[in-house]
Structure formats: C-alpha cells, structure tokens
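Chemist: Okay, so here is entry04.cif, and as you'll see once you scroll down, it has mmCIF, C-alpha atoms.
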```cif
data_run
#
loop_
_atom_site.label_atom_id
_atom_site.label_comp_id
_atom_site.auth_asym_id
_atom_site.auth_seq_id
_atom_site.Cartn_x
_atom_site.Cartn_y
_atom_site.Cartn_z
CA MET A 23 -32.93 -9.22 -52.19
CA THR A 24 -30.64 -10.05 -49.33
CA SER A 25 -31.50 -9.54 -45.72
CA PRO A 26 -29.11 -8.36 -43.00
CA LEU A 27 -28.93 -11.95 -41.80
CA ASP A 28 -27.50 -13.02 -45.16
CA LYS A 29 -24.62 -10.56 -44.99
CA PRO A 30 -21.09 -11.77 -44.37
CA PRO A 31 -19.92 -12.06 -40.73
CA ALA A 32 -18.01 -8.79 -40.89
CA ALA A 33 -21.09 -6.89 -42.08
CA ALA A 34 -23.28 -8.59 -39.49
CA ASP A 35 -20.80 -7.59 -36.83
CA THR A 36 -20.99 -4.03 -38.09
CA LEU A 37 -24.78 -4.06 -37.77
CA ARG A 38 -24.47 -5.33 -34.21
CA GLY A 39 -22.05 -2.55 -33.28
CA GLY A 40 -18.83 -4.22 -34.32
CA PRO A 41 -17.01 -7.32 -33.10
CA ARG A 42 -15.82 -7.53 -29.54
CA ARG A 43 -12.07 -7.03 -29.34
CA ARG A 44 -9.67 -7.38 -26.47
CA GLY A 45 -7.64 -4.45 -27.76
CA VAL A 46 -7.30 -2.06 -30.67
CA ARG A 47 -5.27 -3.65 -33.43
CA THR A 48 -5.19 -0.69 -35.78
CA GLY A 49 -2.18 1.56 -36.25
CA VAL A 50 -1.19 3.77 -33.32
CA PRO A 51 -1.32 7.53 -34.05
CA LEU A 52 2.08 9.16 -33.83
CA PRO A 53 0.88 11.91 -31.42
CA LEU A 54 -0.05 9.11 -28.97
CA LEU A 55 2.86 6.78 -29.65
CA VAL A 56 5.64 9.31 -28.95
CA PRO A 57 4.46 10.47 -25.49
CA ALA A 58 3.60 6.87 -24.60
CA LEU A 59 7.16 5.75 -25.35
CA LEU A 60 8.57 8.74 -23.50
CA GLY A 61 6.43 7.90 -20.48
CA LEU A 62 7.58 4.28 -20.63
CA ALA A 63 11.22 5.36 -20.76
CA PHE A 64 10.66 7.82 -17.92
CA LEU A 65 9.44 4.98 -15.69
CA ILE A 66 11.89 2.28 -16.79
CA VAL A 67 15.20 4.12 -17.16
CA PRO A 68 15.72 5.02 -13.44
CA PRO A 69 15.42 1.41 -12.15
CA ALA A 70 17.53 0.25 -15.09
CA ALA A 71 20.19 2.84 -14.22
CA LEU A 72 20.16 1.58 -10.63
CA LEU A 73 20.85 -1.94 -11.86
CA ALA A 74 23.52 -0.72 -14.28
CA ARG A 75 25.40 1.25 -11.62
CA ALA A 76 25.14 -1.43 -8.94
CA PRO A 77 28.49 -2.52 -7.45
CA TRP A 78 27.96 -6.19 -8.24
CA GLN A 79 31.45 -7.26 -7.17
CA SER A 80 31.24 -5.71 -3.72
CA LEU A 81 27.51 -6.28 -3.35
CA PRO A 82 27.78 -9.36 -1.06
CA GLU A 83 30.13 -7.47 1.24
CA GLN A 84 27.82 -4.45 1.27
CA LEU A 85 24.72 -6.49 2.06
CA THR A 86 26.33 -8.57 4.80
CA SER A 87 27.53 -5.63 6.87
CA PRO A 88 26.01 -5.41 10.39
CA GLU A 89 24.53 -1.99 9.69
CA VAL A 90 22.57 -3.26 6.67
CA TRP A 91 21.20 -6.29 8.50
CA GLN A 92 20.28 -4.11 11.46
CA ALA A 93 18.34 -1.70 9.27
CA LEU A 94 16.78 -4.53 7.25
CA ARG A 95 15.69 -6.41 10.38
CA LEU A 96 14.17 -3.27 11.89
CA SER A 97 12.40 -2.45 8.62
CA LEU A 98 10.86 -5.91 8.33
CA LEU A 99 9.73 -5.97 11.96
CA CYS A 100 8.26 -2.46 11.88
CA ALA A 101 6.54 -2.95 8.51
CA THR A 102 5.00 -6.22 9.72
CA ALA A 103 3.84 -4.61 12.97
CA ALA A 104 2.41 -1.63 11.07
CA THR A 105 0.54 -4.02 8.76
CA ALA A 106 -0.88 -5.85 11.78
CA VAL A 107 -2.10 -2.54 13.21
CA SER A 108 -3.62 -1.68 9.83
CA LEU A 109 -5.44 -5.02 9.71
CA VAL A 110 -6.87 -4.73 13.22
CA LEU A 111 -8.08 -1.16 12.69
CA GLY A 112 -8.48 -0.93 8.92
CA VAL A 113 -10.69 -3.94 8.18
CA PRO A 114 -13.48 -2.84 10.57
CA LEU A 115 -13.15 0.71 9.23
CA ALA A 116 -13.50 -0.54 5.65
CA TRP A 117 -16.59 -2.56 6.65
CA LEU A 118 -18.09 0.53 8.26
CA LEU A 119 -17.55 2.61 5.12
CA ALA A 120 -18.88 -0.11 2.80
CA ARG A 121 -21.85 -1.48 4.75
CA VAL A 122 -23.15 1.30 7.03
CA ASP A 123 -24.88 4.39 5.67
CA PHE A 124 -24.33 7.19 8.17
CA PRO A 125 -24.24 11.00 7.92
CA GLY A 126 -20.89 12.33 6.81
CA ARG A 127 -19.66 9.04 5.34
CA GLY A 128 -18.14 10.85 2.37
CA LEU A 129 -16.21 13.15 4.68
CA VAL A 130 -14.97 10.20 6.73
CA ARG A 131 -13.82 8.44 3.58
CA ALA A 132 -11.97 11.57 2.50
CA LEU A 133 -10.24 11.81 5.88
CA VAL A 134 -9.29 8.12 5.72
CA THR A 135 -7.64 8.58 2.33
CA LEU A 136 -5.97 11.86 3.30
CA PRO A 137 -2.58 10.23 4.11
CA LEU A 138 -2.43 9.06 0.49
CA VAL A 139 -2.06 12.62 -0.77
CA LEU A 140 -0.62 14.25 2.34
CA PRO A 141 3.16 14.85 2.10
CA PRO A 142 4.79 12.30 4.43
CA VAL A 143 6.77 15.00 6.23
CA VAL A 144 3.52 16.81 6.99
CA GLY A 145 2.13 13.54 8.29
CA GLY A 146 5.13 13.24 10.61
CA VAL A 147 4.60 16.78 11.89
CA ALA A 148 0.91 16.00 12.44
CA LEU A 149 1.87 12.90 14.44
CA LEU A 150 4.21 15.02 16.55
CA MET A 151 1.45 17.51 17.25
CA ALA A 152 -0.91 14.69 18.24
CA LEU A 153 1.33 12.11 19.93
CA GLY A 154 4.46 14.08 20.82
CA ARG A 155 5.38 14.74 24.43
CA ASN A 156 3.57 18.07 24.23
CA GLY A 157 0.97 16.88 21.74
CA ILE A 158 -2.78 16.81 22.17
CA ALA A 159 -2.86 13.14 23.20
CA GLY A 160 0.85 12.58 23.81
CA ARG A 161 1.00 14.78 26.91
CA TRP A 162 -1.63 12.64 28.61
CA LEU A 163 0.11 9.42 27.58
CA ASP A 164 3.30 10.75 29.12
CA ALA A 165 1.66 12.10 32.29
CA TRP A 166 -0.66 9.17 33.02
CA PHE A 167 1.23 6.15 31.72
CA GLY A 168 4.78 7.38 31.19
CA ILE A 169 4.57 6.46 27.48
CA THR A 170 6.70 8.46 25.04
CA LEU A 171 6.19 7.57 21.38
CA PRO A 172 8.40 9.92 19.31
CA PHE A 173 11.94 8.78 18.49
CA THR A 174 11.23 5.18 19.49
CA THR A 175 10.72 1.95 17.58
CA THR A 176 7.03 2.14 18.46
CA GLY A 177 7.01 5.56 16.85
CA VAL A 178 8.32 4.00 13.65
CA VAL A 179 5.43 1.52 13.66
CA ILE A 180 2.90 4.31 14.25
CA ALA A 181 4.33 6.47 11.46
CA GLU A 182 4.32 3.56 9.02
CA ALA A 183 0.79 2.50 9.96
CA PHE A 184 -0.44 6.08 9.48
CA VAL A 185 0.69 6.20 5.86
CA ALA A 186 0.01 2.52 5.02
CA MET A 187 -3.45 1.91 6.48
CA PRO A 188 -5.36 3.81 3.73
CA PHE A 189 -4.06 1.33 1.13
CA LEU A 190 -5.62 -1.54 3.06
CA VAL A 191 -8.86 0.32 3.76
CA ILE A 192 -9.37 1.20 0.09
CA SER A 193 -8.65 -2.35 -1.05
CA VAL A 194 -10.93 -3.98 1.51
CA GLU A 195 -13.73 -1.46 1.02
CA GLY A 196 -13.67 -2.08 -2.74
CA THR A 197 -13.83 -5.83 -2.16
CA LEU A 198 -16.73 -5.43 0.28
CA ARG A 199 -18.67 -3.32 -2.21
CA ALA A 200 -18.16 -5.99 -4.87
CA ALA A 201 -19.27 -8.80 -2.51
CA ASP A 202 -22.96 -9.71 -2.45
CA PRO A 203 -24.44 -8.52 0.89
CA ARG A 204 -27.30 -11.05 0.60
CA TYR A 205 -25.05 -13.75 2.06
CA GLU A 206 -24.70 -11.70 5.24
CA GLU A 207 -28.44 -11.01 5.28
CA ALA A 208 -29.18 -14.71 4.91
CA ALA A 209 -26.88 -15.49 7.84
CA THR A 210 -28.63 -12.94 10.05
CA THR A 211 -32.07 -14.28 9.14
CA LEU A 212 -30.87 -17.72 10.28
CA GLY A 213 -30.08 -16.33 13.72
CA ALA A 214 -26.45 -15.25 13.42
CA SER A 215 -25.43 -11.94 14.91
CA ARG A 216 -23.93 -9.24 12.73
CA PHE A 217 -20.47 -9.97 14.10
CA THR A 218 -20.86 -13.72 13.58
CA ALA A 219 -22.02 -13.11 10.00
CA PHE A 220 -19.01 -10.90 9.45
CA ARG A 221 -16.62 -13.45 10.94
CA ARG A 222 -18.06 -16.60 9.36
CA VAL A 223 -19.41 -15.28 6.04
CA THR A 224 -17.94 -11.91 5.10
CA LEU A 225 -14.30 -12.52 6.01
CA PRO A 226 -13.93 -15.65 3.84
CA LEU A 227 -15.54 -13.77 0.93
CA ILE A 228 -13.20 -10.78 1.15
CA ALA A 229 -10.04 -12.68 2.13
CA PRO A 230 -8.33 -12.04 -1.26
CA GLY A 231 -8.99 -8.31 -0.93
CA ILE A 232 -7.65 -8.30 2.61
CA ALA A 233 -4.52 -10.16 1.50
CA ALA A 234 -3.92 -7.75 -1.38
CA GLY A 235 -4.47 -4.73 0.85
CA ALA A 236 -2.15 -6.15 3.50
CA VAL A 237 0.61 -6.68 0.95
CA LEU A 238 0.22 -3.14 -0.36
CA ALA A 239 0.21 -1.74 3.17
CA TRP A 240 3.30 -3.76 4.07
CA ALA A 241 5.18 -2.55 1.00
CA ARG A 242 4.17 1.05 1.67
CA ALA A 243 5.27 0.75 5.31
CA LEU A 244 8.58 -0.77 4.28
CA GLY A 245 9.35 2.17 2.00
CA GLU A 246 8.15 4.93 4.33
CA PHE A 247 10.66 7.74 4.85
CA GLY A 248 9.23 11.22 5.50
CA ALA A 249 6.85 10.55 8.38
CA THR A 250 9.34 8.15 9.98
CA ILE A 251 12.30 10.51 10.05
CA THR A 252 10.10 13.38 11.26
CA PHE A 253 8.27 11.51 14.01
CA ALA A 254 10.77 8.79 14.98
CA GLY A 255 14.16 10.20 13.95
CA ASN A 256 17.10 8.33 12.48
CA PHE A 257 18.81 6.40 15.27
CA PRO A 258 20.72 3.25 14.17
CA GLY A 259 19.34 0.12 15.76
CA ARG A 260 16.26 1.88 17.10
CA THR A 261 14.53 3.90 14.39
CA GLN A 262 16.80 3.69 11.32
CA THR A 263 14.90 1.71 8.70
CA MET A 264 16.13 0.82 5.21
CA PRO A 265 14.97 4.05 3.47
CA LEU A 266 16.64 6.11 6.18
CA ALA A 267 19.81 4.03 5.85
CA VAL A 268 19.79 4.66 2.08
CA TYR A 269 19.50 8.41 2.65
CA LEU A 270 22.32 8.39 5.19
CA ALA A 271 24.60 6.19 3.06
CA LEU A 272 24.05 8.34 -0.03
CA GLN A 273 25.87 11.20 1.66
CA SER A 274 29.02 9.24 2.48
CA ASP A 275 29.02 5.93 0.57
CA PRO A 276 27.04 5.95 -2.70
CA GLU A 277 27.82 2.29 -3.41
CA ALA A 278 26.27 1.27 -0.11
CA ALA A 279 23.22 3.41 -0.91
CA ILE A 280 22.85 1.63 -4.26
CA ALA A 281 23.17 -1.76 -2.58
CA LEU A 282 20.46 -0.89 -0.06
CA SER A 283 18.28 0.47 -2.84
CA LEU A 284 18.60 -2.84 -4.68
CA VAL A 285 17.17 -4.63 -1.66
CA LEU A 286 14.12 -2.37 -1.63
CA LEU A 287 13.81 -2.72 -5.41
CA ALA A 288 13.80 -6.52 -5.06
CA VAL A 289 11.09 -6.30 -2.40
CA SER A 290 8.98 -4.05 -4.63
CA ILE A 291 9.28 -6.48 -7.55
CA ALA A 292 8.29 -9.36 -5.26
CA VAL A 293 5.19 -7.41 -4.18
CA LEU A 294 4.22 -6.76 -7.80
CA ALA A 295 4.71 -10.42 -8.64
CA GLY A 296 2.57 -11.45 -5.69
CA LEU A 297 -0.28 -9.16 -6.74
CA ARG A 298 -0.05 -9.91 -10.46
CA ASP A 299 -2.56 -12.78 -10.41
CA ARG A 300 -5.12 -10.66 -8.59
CA TRP A 301 -4.72 -7.83 -11.09
CA MET A 302 -5.00 -10.26 -13.99
CA ARG A 303 -8.24 -11.70 -12.57
CA ALA A 304 -9.56 -8.18 -12.05
CA GLY A 305 -8.81 -7.41 -15.67
#
```
Hey, can you dump this file as structure tokens for me?

Modeler:
Amino acid sequence: MTSPLDKPPAAADTLRGGPRRRGVRTGVPLPLLVPALLGLAFLIVPPAALLARAPWQSLPEQLTSPEVWQALRLSLLCATAATAVSLVLGVPLAWLLARVDFPGRGLVRALVTLPLVLPPVVGGVALLMALGRNGIAGRWLDAWFGITLPFTTTGVVIAEAFVAMPFLVISVEGTLRAADPRYEEAATTLGASRFTAFRRVTLPLIAPGIAAGAVLAWARALGEFGATITFAGNFPGRTQTMPLAVYLALQSDPEAAIALSLVLLAVSIAVLAGLRDRWMRAG
C-alpha cells in the first residue's frame, strides 16, 4: 500500500493544491483570445499609425522651427515647475493620508483623487471660478497683491499641478502604507521629533515611490491640455505648451502636428522605460 508521500511529484503537487506557476501554460480559450487581440490592436495601432504617417524627411526641419522649440521649452519648464509644486504639497498630503487617522479621511482621499476622473476642461473651469479675477480667491489676490493668474505662465503651472498632483499623492501614499512604521516609532522613542523621523527615516524609505510619483506627475503635466487651455489660454510664448501647439497645428499643418506628437510620444516612451524596473520589482 502506497502512501501519499510515495506518489510521483505531479500527484504530490496535486495533493498540495497544485504546483506554483508563474503563468497559465494551458491553451487560451477562443472567447478570451479574440477580444484580447482586439484590445491589443486597439492600443497599438494608433501609435503605429502615427509613426507610419510621420514626415520623416521634413522632420528635422519641423522640429527645429522656433515655434516648436518655444512650445517645447515652455512645456518642459511648466511641467517641471508643476512637479515641484506637487512634491512640496503632495508628499506631506500623502503622509497625512497614510499615517494619520482623522475623521473624514476617506472623503479627503476621494477629493484628492477627484482630478483623476474629473474632465480636464471642468477642472479648468473650476480653477477659473476659484482663482480667476472674479473667483472666490482670485479676487482677493488681485485686490490685495495685484496677482492675476489666468492666462499667464503661472496659470499653466497651476493647471498642470492641479491635474498631476493626484498621481504623486497616490504613489507616495501607497509606498508609505507598504513601509514599516516601526522604524519611525523607533526614531521617536530615541528622542527624534516626528518631523525629524520623517526627514531622516521615512523619506529615504519612500524615495523610490516619490521618484516614481514625480515622474508620473511630470509626464501628466507635460501632456495636459484641457485645464491649461481653459484656465491659461493658448498664447504662443506665454501659455502655448506642446499639446496646445499640436492642436493648433492640426488645423493648418497636419505634418507639423504629427512631428510635435512624435516628440510627446518619445517622452511618454522614455517615462515608461524609466518606470519599467519599478514595475518589474513590484511584480
């Protein structure tokens, strides 16, 4: 009489619940394979069509025009400034949501993530109602300090930070929740203040999450269109970023629009490549 321990490895694996596999190696059902391939084509064909229709011969001339460099320079500066604003405000906000238990935390988290699902044009209108010359806060900024934010480069930064900051907050909050809080508690028991523990212990632990969130926020700010054109307008050299330049060029010069789109496509691929190692480690 044989015992379960004497069974072949396959049978023993079956008794233990089956062998551990990294993926299913059996045949793929046709009802799953067909929509999966259609979904893959739906996501791949548009970027491939952009590459296929690109004016490769005139591309250097298109990309070296003063208008393109002006829009690209403004986009890079505004996206970097918006990311800096997101870091200064978003990291403490993420710490608050992850480490402090206060009434209404779920509601606050929902409000923080609202720009992720809010149509960008609606976000631009909301910014106008809040920070416009006749807005709730904007009227006081104009009357007391003479500061006007709409239709300025600063307005571009504010619009981009509004839509990009939630990406950083979500990334940092998730990293904080995964980090062991006992290191911070040990630092406080040794005499460090909460802020010192955050600065000397927590920040080094969550640095990869902050970096990933900053890259995502920067990429989102670089590609922002709706809130920017609504709140800051489309003035060349002052508020016209790359997405706005693409929209404007598409109406008069489709080849220029494709060339500008290729720049943003290259930036997006670079962002994906930069985050690939983090995703692979997470997997």

Chemist: Find the distance between CA of Ala239 in chain A and CA of Val107 in chain A and write it in Å to one decimal.

Modeler: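 Between CA of Ala239 in chain A and CA of Val107 in chain A the gap works out to 10.3 Å.
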
Chemist: Grab the CA of Arg95 in chain A to CA of Thr263 in chain A distance for me, in Å with one decimal place.

Modeler: 8.3 Å

Chemist: Taking only C-alpha atoms into account, which of A:Val285, A:Ala229, A:Val134, A:Leu98 comes nearest Val178 in chain A?

Modeler: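 Closest to Val178 in chain A, using only C-alpha atoms: A:Leu98.
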
Chemist: For the atom pair CA of Ala271 in chain A and CA of Gly255 in chain A, what is the interatomic distance in Å to one decimal place?

Modeler: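 About the pair CA of Ala271 in chain A and CA of Gly255 in chain A: they are 15.6 Å apart.
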
Chemist: Would you please work out which residue, of A:Trp78, A:Phe247, A:Thr252, A:Ala148, is nearest to Ser97 in chain A when using all atoms listed in the file?

Modeler: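 Among the listed residues, the smallest separation from Ser97 in chain A belongs to A:Phe247.
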
Chemist: Translate the PyMOL selection byres ((chain A and resi 75) around 12) into a concrete residue list for this structure, as a ChimeraX atom specification.

Modeler: /A:67-74,76-79,81,276-281,283-284

Chemist: For the residues in that selection, give me C-alpha atoms as a tab-separated table (two decimals), in the frame of the given file.

Modeler:
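Wrote it out as selection19.tsv, contents follow:
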```
chain	number	residue	atom	x	y	z
A	67	VAL	CA	15.20	4.12	-17.16
A	68	PRO	CA	15.72	5.02	-13.44
A	69	PRO	CA	15.42	1.41	-12.15
A	70	ALA	CA	17.53	0.25	-15.09
A	71	ALA	CA	20.19	2.84	-14.22
A	72	LEU	CA	20.16	1.58	-10.63
A	73	LEU	CA	20.85	-1.94	-11.86
A	74	ALA	CA	23.52	-0.72	-14.28
A	76	ALA	CA	25.14	-1.43	-8.94
A	77	PRO	CA	28.49	-2.52	-7.45
A	78	TRP	CA	27.96	-6.19	-8.24
A	79	GLN	CA	31.45	-7.26	-7.17
A	81	LEU	CA	27.51	-6.28	-3.35
A	276	PRO	CA	27.04	5.95	-2.70
A	277	GLU	CA	27.82	2.29	-3.41
A	278	ALA	CA	26.27	1.27	-0.11
A	279	ALA	CA	23.22	3.41	-0.91
A	280	ILE	CA	22.85	1.63	-4.26
A	281	ALA	CA	23.17	-1.76	-2.58
A	283	SER	CA	18.28	0.47	-2.84
A	284	LEU	CA	18.60	-2.84	-4.68
```

Chemist: Counting all atoms listed in the file, what is within 10 Å of Ala200 in chain A, bar same-chain residues fewer than 6 positions away, as a list in words?

Modeler: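 The neighbour list is Ala120, Val194 and Ile228 of chain A.
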
Chemist: At most 7 Å from (-12.2, 5.8, 2.7), file frame, all atoms listed in the file: which residues, as a ChimeraX atom specification?

Modeler: /A:119,130-132,134-135,191-192

Chemist: Report as a compact mmCIF listing (two decimals) with C-alpha atoms, keeping the file's coordinate frame the full result of the PyMOL selection byres ((chain A and resi 153) around 10) when it is applied to this structure.

Modeler:
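expr27.txt was written with the following content:
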```txt
# COMPACT_ATOMS: atom_id res chain seq x y z
CA VAL A 147 4.60 16.78 11.89
CA ALA A 148 0.91 16.00 12.44
CA LEU A 149 1.87 12.90 14.44
CA LEU A 150 4.21 15.02 16.55
CA MET A 151 1.45 17.51 17.25
CA ALA A 152 -0.91 14.69 18.24
CA GLY A 154 4.46 14.08 20.82
CA ARG A 155 5.38 14.74 24.43
CA ASN A 156 3.57 18.07 24.23
CA GLY A 157 0.97 16.88 21.74
CA ILE A 158 -2.78 16.81 22.17
CA ALA A 159 -2.86 13.14 23.20
CA GLY A 160 0.85 12.58 23.81
CA ARG A 161 1.00 14.78 26.91
CA TRP A 162 -1.63 12.64 28.61
CA LEU A 163 0.11 9.42 27.58
CA ASP A 164 3.30 10.75 29.12
CA ILE A 169 4.57 6.46 27.48
CA THR A 170 6.70 8.46 25.04
CA LEU A 171 6.19 7.57 21.38
CA PRO A 172 8.40 9.92 19.31
CA GLY A 177 7.01 5.56 16.85
CA ILE A 180 2.90 4.31 14.25
CA PHE A 253 8.27 11.51 14.01
```

Chemist: Residues picked by the PyMOL selection byres ((chain A and resi 293) around 12) here, as a list in words?

Modeler: Ala233, Ala234, Gly235, Ala236, Val237, Leu238, Ala239, Trp240, Ala241, Arg242, Leu244, Leu286, Leu287, Ala288, Val289, Ser290, Ile291, Ala292, Leu294, Ala295, Gly296, Leu297, Arg298, Asp299 and Arg300 of chain A

Chemist: Pick the closest to Ala104 in chain A from A:Ala183, A:Leu136, A:Ala116, A:Ala219: which is it, counting only C-alpha atoms?

Modeler: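 Using only C-alpha atoms, the shortest distance to Ala104 in chain A belongs to A:Ala183.
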
Chemist: I'd like the neighbourhood of Gly259 in chain A as a list in words, where a residue qualifies if any of its atoms comes within 10 Å (using all atoms listed in the file), though same-chain residues fewer than 5 positions away should be ignored.

Modeler: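 That gives Glu89, Trp91, Gln92, Ala93, Arg95, Leu96 and Thr175 of chain A.
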
Chemist: My list of candidates is A:Phe257, A:Ser108, A:Arg121, A:Pro141. Which is closest to Pro203 in chain A when distances are computed with only C-alpha atoms?

Modeler: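 Smallest separation from Pro203 in chain A among the options: A:Arg121.
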
Chemist: In terms of the shortest atom-to-atom distance over all atoms listed in the file, which of A:Ala165, A:Ala267, A:Ala63, A:Leu225 is closest to Tyr205 in chain A?

Modeler: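 Answer, going by the shortest atom-to-atom distance: A:Leu225.
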
Chemist: Calculated over only C-alpha atoms, which of the candidates A:Val122, A:Leu65, A:Leu270, A:Leu227 has the smallest distance to Pro258 in chain A?

Modeler: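 For Pro258 in chain A, the nearest of the given residues is A:Leu270.
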